Amino acid sequence: MKVSLLNLKLQYQGIRDEVLKEIEKVCDNQSFILGENVKALEQEIAHYCNAKFAIGVASGTDAILLPLMAAGIGAGDRVVTTPYTFFATAGSIARLNAIPVFVDIEPDTYNIDHEKLEYVIKKQSASHRSRLKAIIPVHLYGQCADMEPILKISKKYKLTVIEDAAQTIGAEYNGKMAGSMGDFGSFSFYPSKNLGGFGDGGMVTANNERLAEKIRIMRVHGSKPKYYHKFVGINSRLDELQAAVLRVKLKHLPTWEKNRMERAKRYDKLFQDAGIPDMVSAPTVRPYNHHVFNQYIIRVKRRDSLREYLAKQGIGTEIYYPVPLHLQQCFKYLGYKRGDFPVSEKAAKETLALPIYPELTPEEQEYVVDKIGGFYRKCNI
């Protein structure tokens, strides 16, 4: 049996006629830039995320970069985030010549550890603390960070809050939607996301009209009206064709997320019955969270050997993320060293993403877990 990490072809088969119909309309209209589909999708995403405003942008990376720009983040400013995330989070900070300030993660959710957050802030020198301008909590793998204490700390230190919700559209924290709690929410429509397009795309959510309008202006080179520039912005517009595809997919998203959660529960039960609790730790879901499982992450012993073995059995896996950001070569100038963020470093060595998507069958999941159990029994660990 072969089980791929992700199978978008199966998803497409179920919506093919709907998608092609909408793409054909765009082609017939020949309106490709900030057209009616982008406007409609912005309204639909705002409603879905319980935010007042949503602004379509060219990528999930720009959905982080533009809020930083709108918040006035610049050279020498400092922005708090986690070292255990996709590169775009800290990369966007660095692109503005600002300085990423890392805080380690919780060992079970892999989200930023709020108990360490204020300690790191207080540890900053007076001059560095005066340049501390924002925090980007990352809602990793489909589960929100513990936002209540984060928001309290951000208010205390007057920090702009940008939720990196690239992996968590539809997730909830104490009944509040991801992307609706901070000053901004940042979403990605990369094809592998729960709501993925046919290429790159992103969305910024906000509840403040002034900030939302600034994002709209900055995504078109900072011009309003056309050719009159209030700010130095960038070219970052969600494509009309992508918006048409995403509007079709958004209608199916609640069902797809329900299916993902069912498959996560099936994995949990299969691992519980497999008799290898010391070898595999299933994901932890906080009681205040509604987890949408963009990824199903297990923590395992002998991770790299297991991954190699599973590949030989036809099972696709991935490592998110093998090198924490503080150990990346490009961030060497920040002065961090190995051992500074031990929880992130340990997670980078032990975590593994298994196949999880709405069309994954029970037989495929049983095969995955059976092979994992067989690996550990064979190794006599």
# chains A, B, ... in the order shown; residues from 1 in each chain; ligands from 1
>>> residues_around(residues="A:Ala88", least_positions_apart="2", cutoff="9 Å", atoms="only C-alpha atoms", output="PyMOL selection string")
chain A and resi 60-62+64-65+85-86+90-93
>>> residues_around(residues="A:Leu310", least_positions_apart="5", cutoff="12 Å", atoms="only C-alpha atoms", output="number ranges by chain")
A: 1-5, 303-305, 315-318, 352-355, 367-376
>>> residues_around(residues="A:Arg302", least_positions_apart="3", cutoff="9 Å", atoms="only C-alpha atoms", output="tab-separated table (two decimals) with N, CA and C atoms, in the first residue's frame")
chain	number	residue	atom	x	y	z
A	279	MET	N	6.93	4.84	22.85
A	279	MET	CA	7.62	5.14	21.60
A	279	MET	C	7.00	6.33	20.87
A	305	SER	N	15.30	7.33	11.71
A	305	SER	CA	15.27	5.92	11.28
A	305	SER	C	13.84	5.49	10.98
A	306	LEU	N	12.90	5.93	11.81
A	306	LEU	CA	11.50	5.60	11.57
A	306	LEU	C	11.04	6.18	10.24
A	307	ARG	N	11.41	7.41	9.98
A	307	ARG	CA	10.97	8.05	8.73
A	307	ARG	C	11.52	7.31	7.51
A	349	LYS	N	14.11	17.41	16.75
A	349	LYS	CA	14.74	16.10	16.60
A	349	LYS	C	13.75	14.95	16.73
A	350	GLU	N	12.56	15.21	17.28
A	350	GLU	CA	11.68	14.10	17.64
A	350	GLU	C	10.31	14.11	16.97
>>> closest_residue(among="A:Leu117, A:Ile276, A:Ala171, A:Leu6", to="A:Pro191", atoms="only C-alpha atoms")
A:Leu6
>>> closest_residue(among="A:Val245, A:Ser281, A:Phe53, A:Ile105", to="A:Lys21", atoms="only C-alpha atoms")
A:Val245
>>> residues_around(residues="A:Ser125", least_positions_apart="6", cutoff="12 Å", atoms="only C-alpha atoms", output="NGL selection string")
:A and (78 or 131-132)
>>> select_by_dssp(residues="stretch 266-366 of chain A", states="helix (DSSP H, G or I)", output="PyMOL selection string")
chain A and resi 266-274+303-312+325-327+329-334+342-350+362-366
>>> residues_around(residues="stretch 329-336 of chain A", least_positions_apart="3", cutoff="9 Å", atoms="only C-alpha atoms", output="list of chain:residue names")
A:Ala94, A:Ile99, A:Pro100, A:Val101, A:Leu325, A:His326, A:Gly339, A:Asp340, A:Phe341
>>> write_last_selection(atoms="N, CA and C atoms", output="mmCIF file, in the first residue's frame")
data_model
loop_
_atom_site.group_PDB
_atom_site.id
_atom_site.type_symbol
_atom_site.label_atom_id
_atom_site.label_comp_id
_atom_site.auth_asym_id
_atom_site.auth_seq_id
_atom_site.Cartn_x
_atom_site.Cartn_y
_atom_site.Cartn_z
ATOM 1 N N ALA A 94 12.994 40.120 9.753
ATOM 2 C CA ALA A 94 14.348 40.451 9.316
ATOM 3 C C ALA A 94 14.357 41.271 8.035
ATOM 4 N N ILE A 99 14.532 43.063 14.445
ATOM 5 C CA ILE A 99 15.268 41.987 15.104
ATOM 6 C C ILE A 99 14.307 40.983 15.730
ATOM 7 N N PRO A 100 14.347 39.727 15.281
ATOM 8 C CA PRO A 100 13.535 38.701 15.937
ATOM 9 C C PRO A 100 14.053 38.415 17.350
ATOM 10 N N VAL A 101 13.143 38.378 18.303
ATOM 11 C CA VAL A 101 13.466 38.015 19.688
ATOM 12 C C VAL A 101 12.701 36.718 19.970
ATOM 13 N N LEU A 325 14.770 28.162 14.084
ATOM 14 C CA LEU A 325 15.231 29.377 13.411
ATOM 15 C C LEU A 325 16.467 29.981 14.056
ATOM 16 N N HIS A 326 16.621 29.845 15.379
ATOM 17 C CA HIS A 326 17.787 30.465 16.022
ATOM 18 C C HIS A 326 19.091 29.781 15.632
ATOM 19 N N GLY A 339 21.259 25.185 22.470
ATOM 20 C CA GLY A 339 20.961 25.075 23.892
ATOM 21 C C GLY A 339 20.164 26.241 24.435
ATOM 22 N N ASP A 340 20.050 27.323 23.666
ATOM 23 C CA ASP A 340 19.306 28.489 24.145
ATOM 24 C C ASP A 340 17.808 28.220 24.220
ATOM 25 N N PHE A 341 17.305 27.370 23.318
ATOM 26 C CA PHE A 341 15.872 27.056 23.305
ATOM 27 C C PHE A 341 15.721 25.538 23.244
#
>>> select_by_dssp(residues="stretch 16-226 of chain A", states="strand (DSSP E or B)", output="ChimeraX atom specification")
/A:33,53-57,78-81,99-102,105,112,132-135,138,160-164,172-173,176-177,184-188,202-206,220,223
>>> write_last_selection(atoms="C-alpha atoms", output="mmCIF file, in the first residue's frame")
data_model
loop_
_atom_site.group_PDB
_atom_site.id
_atom_site.type_symbol
_atom_site.label_atom_id
_atom_site.label_comp_id
_atom_site.auth_asym_id
_atom_site.auth_seq_id
_atom_site.Cartn_x
_atom_site.Cartn_y
_atom_site.Cartn_z
ATOM 1 C CA ILE A 33 -6.664 42.022 -10.553
ATOM 2 C CA PHE A 53 -12.158 43.119 7.881
ATOM 3 C CA ALA A 54 -10.133 40.849 5.613
ATOM 4 C CA ILE A 55 -7.667 41.887 2.926
ATOM 5 C CA GLY A 56 -6.437 39.503 0.241
ATOM 6 C CA VAL A 57 -2.681 39.480 -0.408
ATOM 7 C CA ARG A 78 12.384 44.160 18.053
ATOM 8 C CA VAL A 79 9.604 41.634 17.495
ATOM 9 C CA VAL A 80 8.954 38.614 19.718
ATOM 10 C CA THR A 81 8.118 35.250 18.190
ATOM 11 C CA ILE A 99 15.268 41.987 15.104
ATOM 12 C CA PRO A 100 13.535 38.701 15.937
ATOM 13 C CA VAL A 101 13.466 38.015 19.688
ATOM 14 C CA PHE A 102 12.789 34.328 20.289
ATOM 15 C CA ILE A 105 7.739 26.724 22.999
ATOM 16 C CA ILE A 112 4.980 29.810 22.177
ATOM 17 C CA LEU A 132 10.138 46.115 21.465
ATOM 18 C CA LYS A 133 7.155 46.765 19.201
ATOM 19 C CA ALA A 134 5.246 43.578 18.424
ATOM 20 C CA ILE A 135 4.681 39.899 19.080
ATOM 21 C CA VAL A 138 2.246 31.230 15.915
ATOM 22 C CA THR A 160 1.104 44.977 18.433
ATOM 23 C CA VAL A 161 -0.175 41.397 18.166
ATOM 24 C CA ILE A 162 0.021 39.656 14.786
ATOM 25 C CA GLU A 163 -1.450 36.152 14.897
ATOM 26 C CA ASP A 164 0.397 33.837 12.538
ATOM 27 C CA GLU A 172 -10.898 28.374 17.931
ATOM 28 C CA TYR A 173 -9.547 29.467 21.309
ATOM 29 C CA LYS A 176 -12.794 32.922 19.569
ATOM 30 C CA MET A 177 -11.659 32.326 16.022
ATOM 31 C CA PHE A 184 -3.965 41.356 12.829
ATOM 32 C CA GLY A 185 -4.434 37.765 11.709
ATOM 33 C CA SER A 186 -2.228 36.298 8.991
ATOM 34 C CA PHE A 187 -3.455 33.415 6.819
ATOM 35 C CA SER A 188 -1.843 31.377 4.062
ATOM 36 C CA GLY A 202 -2.852 34.951 1.677
ATOM 37 C CA MET A 203 -5.255 37.015 3.759
ATOM 38 C CA VAL A 204 -4.887 39.557 6.539
ATOM 39 C CA THR A 205 -7.706 39.974 9.061
ATOM 40 C CA ALA A 206 -8.220 42.951 11.349
ATOM 41 C CA VAL A 220 -0.820 48.254 -3.958
ATOM 42 C CA SER A 223 -1.077 54.218 -3.369
#
>>> residues_around(residues="A:Glu22", least_positions_apart="3", cutoff="10 Å", atoms="only C-alpha atoms", output="number ranges by chain")
A: 17-19, 25-28, 37, 241, 243-245, 247-248
>>> write_last_selection(atoms="N, CA and C atoms", output="PDB file, in the first residue's frame")
ATOM      1  N   ASP A  17     -15.752  20.168 -11.208  1.00  0.00           N
ATOM      2  CA  ASP A  17     -16.716  20.895 -12.041  1.00  0.00           C
ATOM      3  C   ASP A  17     -17.001  22.282 -11.486  1.00  0.00           C
ATOM      4  N   GLU A  18     -17.129  22.381 -10.157  1.00  0.00           N
ATOM      5  CA  GLU A  18     -17.373  23.687  -9.532  1.00  0.00           C
ATOM      6  C   GLU A  18     -16.223  24.651  -9.800  1.00  0.00           C
ATOM      7  N   VAL A  19     -15.002  24.146  -9.629  1.00  0.00           N
ATOM      8  CA  VAL A  19     -13.822  24.998  -9.785  1.00  0.00           C
ATOM      9  C   VAL A  19     -13.671  25.470 -11.227  1.00  0.00           C
ATOM     10  N   LYS A  25     -15.511  31.559 -15.710  1.00  0.00           N
ATOM     11  CA  LYS A  25     -16.142  32.877 -15.574  1.00  0.00           C
ATOM     12  C   LYS A  25     -15.099  33.987 -15.509  1.00  0.00           C
ATOM     13  N   VAL A  26     -14.042  33.744 -14.748  1.00  0.00           N
ATOM     14  CA  VAL A  26     -12.979  34.753 -14.641  1.00  0.00           C
ATOM     15  C   VAL A  26     -12.334  34.973 -16.007  1.00  0.00           C
ATOM     16  N   CYS A  27     -12.083  33.887 -16.716  1.00  0.00           N
ATOM     17  CA  CYS A  27     -11.464  34.004 -18.039  1.00  0.00           C
ATOM     18  C   CYS A  27     -12.375  34.765 -19.006  1.00  0.00           C
ATOM     19  N   ASP A  28     -13.672  34.503 -18.928  1.00  0.00           N
ATOM     20  CA  ASP A  28     -14.616  35.202 -19.802  1.00  0.00           C
ATOM     21  C   ASP A  28     -14.700  36.683 -19.463  1.00  0.00           C
ATOM     22  N   ASN A  37     -14.323  38.497  -7.277  1.00  0.00           N
ATOM     23  CA  ASN A  37     -14.072  37.321  -6.455  1.00  0.00           C
ATOM     24  C   ASN A  37     -13.200  37.649  -5.254  1.00  0.00           C
ATOM     25  N   LEU A 241      -8.069  34.713  -9.981  1.00  0.00           N
ATOM     26  CA  LEU A 241      -8.272  33.285 -10.232  1.00  0.00           C
ATOM     27  C   LEU A 241      -8.155  32.480  -8.938  1.00  0.00           C
ATOM     28  N   ALA A 243      -8.758  33.593  -5.945  1.00  0.00           N
ATOM     29  CA  ALA A 243      -9.934  33.911  -5.129  1.00  0.00           C
ATOM     30  C   ALA A 243     -11.140  33.103  -5.584  1.00  0.00           C
ATOM     31  N   ALA A 244     -11.291  32.925  -6.901  1.00  0.00           N
ATOM     32  CA  ALA A 244     -12.415  32.137  -7.411  1.00  0.00           C
ATOM     33  C   ALA A 244     -12.325  30.688  -6.942  1.00  0.00           C
ATOM     34  N   VAL A 245     -11.122  30.123  -6.985  1.00  0.00           N
ATOM     35  CA  VAL A 245     -10.914  28.743  -6.508  1.00  0.00           C
ATOM     36  C   VAL A 245     -11.182  28.651  -5.016  1.00  0.00           C
ATOM     37  N   ARG A 247     -13.032  30.500  -3.115  1.00  0.00           N
ATOM     38  CA  ARG A 247     -14.453  30.662  -2.763  1.00  0.00           C
ATOM     39  C   ARG A 247     -15.193  29.336  -2.891  1.00  0.00           C
ATOM     40  N   VAL A 248     -14.836  28.557  -3.894  1.00  0.00           N
ATOM     41  CA  VAL A 248     -15.437  27.222  -4.031  1.00  0.00           C
ATOM     42  C   VAL A 248     -15.019  26.347  -2.857  1.00  0.00           C
TER      43      VAL A 248
END
>>> residues_around(residues="A:Val103", least_positions_apart="5", cutoff="10 Å", atoms="only C-alpha atoms", output="PDB file with C-alpha atoms, in the first residue's frame")
ATOM      1  CA  VAL A  80       8.954  38.614  19.718  1.00  0.00           C
ATOM      2  CA  THR A  81       8.118  35.250  18.190  1.00  0.00           C
ATOM      3  CA  THR A  82       9.025  31.560  18.412  1.00  0.00           C
ATOM      4  CA  PRO A  83      12.054  29.841  16.872  1.00  0.00           C
ATOM      5  CA  TYR A  84       9.952  26.772  16.068  1.00  0.00           C
ATOM      6  CA  ASN A 111       3.208  26.890  20.516  1.00  0.00           C
ATOM      7  CA  ILE A 112       4.980  29.810  22.177  1.00  0.00           C
ATOM      8  CA  ASP A 113       5.285  29.362  25.950  1.00  0.00           C
ATOM      9  CA  HIS A 114       3.508  32.322  27.536  1.00  0.00           C
ATOM     10  CA  GLU A 115       5.147  31.579  30.886  1.00  0.00           C
ATOM     11  CA  LYS A 116       8.541  32.310  29.310  1.00  0.00           C
ATOM     12  CA  LEU A 117       7.303  35.288  27.318  1.00  0.00           C
ATOM     13  CA  GLU A 118       7.352  37.943  30.020  1.00  0.00           C
ATOM     14  CA  TYR A 119      10.637  36.601  31.386  1.00  0.00           C
ATOM     15  CA  VAL A 120      12.264  37.165  27.990  1.00  0.00           C
ATOM     16  CA  ILE A 121      10.779  40.656  27.775  1.00  0.00           C
ATOM     17  CA  PRO A 137       2.329  34.172  18.329  1.00  0.00           C
ATOM     18  CA  ASP A 340      19.306  28.489  24.145  1.00  0.00           C
ATOM     19  CA  PHE A 341      15.872  27.056  23.305  1.00  0.00           C
ATOM     20  CA  SER A 344      12.377  23.778  20.329  1.00  0.00           C
TER      21      SER A 344
END
>>> closest_residue(among="A:Asn194, A:Thr255, A:Asn289, A:Gln30", to="A:Asp146", atoms="only C-alpha atoms")
A:Asn289
>>> closest_residue(among="A:Ser31, A:Ile215, A:Gly170, A:Asp104", to="A:Ala347", atoms="only C-alpha atoms")
A:Asp104
>>> closest_atom_pairs(of="stretch 273-339 of chain A", to="stretch 263-266 of chain A", cutoff="12 Å", atoms="only C-alpha atoms", output="Markdown table")
| residue | atom | partner | partner_atom | distance |
| --- | --- | --- | --- | --- |
| A:Asp273 | CA | A:Arg266 | CA | 10.6 |
| A:Ala282 | CA | A:Ala264 | CA | 9.3 |
| A:Pro283 | CA | A:Ala264 | CA | 8.8 |
| A:Thr284 | CA | A:Ala264 | CA | 11.0 |
| A:Val285 | CA | A:Ala264 | CA | 10.8 |
| A:His291 | CA | A:Ala264 | CA | 9.7 |
| A:Val292 | CA | A:Ala264 | CA | 9.3 |
| A:Phe293 | CA | A:Ala264 | CA | 7.3 |
| A:Asn294 | CA | A:Ala264 | CA | 10.3 |
| A:Gln295 | CA | A:Ala264 | CA | 9.3 |
| A:Tyr296 | CA | A:Ala264 | CA | 6.9 |
| A:Ile297 | CA | A:Ala264 | CA | 9.9 |
| A:Ile298 | CA | A:Ala264 | CA | 11.1 |
>>> atom_distance(atom1="atom CA of A:Leu195", atom2="atom CA of A:Leu68")
23.6 Å
>>> closest_residue(among="A:Met181, A:Tyr320, A:Cys379, A:Val300", to="A:Cys49", atoms="only C-alpha atoms")
A:Met181
>>> decode(residues="stretch 182-218 of chain A", atoms="C-alpha atoms", output="PDB file, in the first residue's frame")
ATOM      1  CA  GLY A 182      -4.898  40.169  17.851  1.00  0.00           C
ATOM      2  CA  ASP A 183      -4.463  43.417  15.977  1.00  0.00           C
ATOM      3  CA  PHE A 184      -3.965  41.356  12.829  1.00  0.00           C
ATOM      4  CA  GLY A 185      -4.434  37.765  11.709  1.00  0.00           C
ATOM      5  CA  SER A 186      -2.228  36.298   8.991  1.00  0.00           C
ATOM      6  CA  PHE A 187      -3.455  33.415   6.819  1.00  0.00           C
ATOM      7  CA  SER A 188      -1.843  31.377   4.062  1.00  0.00           C
ATOM      8  CA  PHE A 189      -3.600  29.741   1.118  1.00  0.00           C
ATOM      9  CA  TYR A 190      -0.587  27.663   0.092  1.00  0.00           C
ATOM     10  CA  PRO A 191      -1.964  24.499  -1.567  1.00  0.00           C
ATOM     11  CA  SER A 192      -1.164  22.217   1.396  1.00  0.00           C
ATOM     12  CA  LYS A 193      -3.188  24.298   3.855  1.00  0.00           C
ATOM     13  CA  ASN A 194      -6.676  23.257   4.973  1.00  0.00           C
ATOM     14  CA  LEU A 195      -7.957  26.015   2.694  1.00  0.00           C
ATOM     15  CA  GLY A 196      -5.421  25.950  -0.120  1.00  0.00           C
ATOM     16  CA  GLY A 197      -5.451  27.575  -3.525  1.00  0.00           C
ATOM     17  CA  PHE A 198      -3.932  26.561  -6.834  1.00  0.00           C
ATOM     18  CA  GLY A 199      -0.776  28.529  -6.002  1.00  0.00           C
ATOM     19  CA  ASP A 200       0.267  31.173  -3.511  1.00  0.00           C
ATOM     20  CA  GLY A 201      -2.176  33.447  -1.727  1.00  0.00           C
ATOM     21  CA  GLY A 202      -2.852  34.951   1.677  1.00  0.00           C
ATOM     22  CA  MET A 203      -5.255  37.015   3.759  1.00  0.00           C
ATOM     23  CA  VAL A 204      -4.887  39.557   6.539  1.00  0.00           C
ATOM     24  CA  THR A 205      -7.706  39.974   9.061  1.00  0.00           C
ATOM     25  CA  ALA A 206      -8.220  42.951  11.349  1.00  0.00           C
ATOM     26  CA  ASN A 207     -10.889  44.523  13.539  1.00  0.00           C
ATOM     27  CA  ASN A 208      -9.591  48.086  13.329  1.00  0.00           C
ATOM     28  CA  GLU A 209     -10.787  49.922  10.215  1.00  0.00           C
ATOM     29  CA  ARG A 210      -7.773  52.244  10.081  1.00  0.00           C
ATOM     30  CA  LEU A 211      -5.317  49.354  10.204  1.00  0.00           C
ATOM     31  CA  ALA A 212      -7.287  47.365   7.636  1.00  0.00           C
ATOM     32  CA  GLU A 213      -7.314  50.331   5.269  1.00  0.00           C
ATOM     33  CA  LYS A 214      -3.561  50.738   5.683  1.00  0.00           C
ATOM     34  CA  ILE A 215      -3.058  47.111   4.627  1.00  0.00           C
ATOM     35  CA  ARG A 216      -5.263  47.696   1.559  1.00  0.00           C
ATOM     36  CA  ILE A 217      -3.176  50.702   0.580  1.00  0.00           C
ATOM     37  CA  MET A 218       0.168  49.051   1.260  1.00  0.00           C
TER      38      MET A 218
END
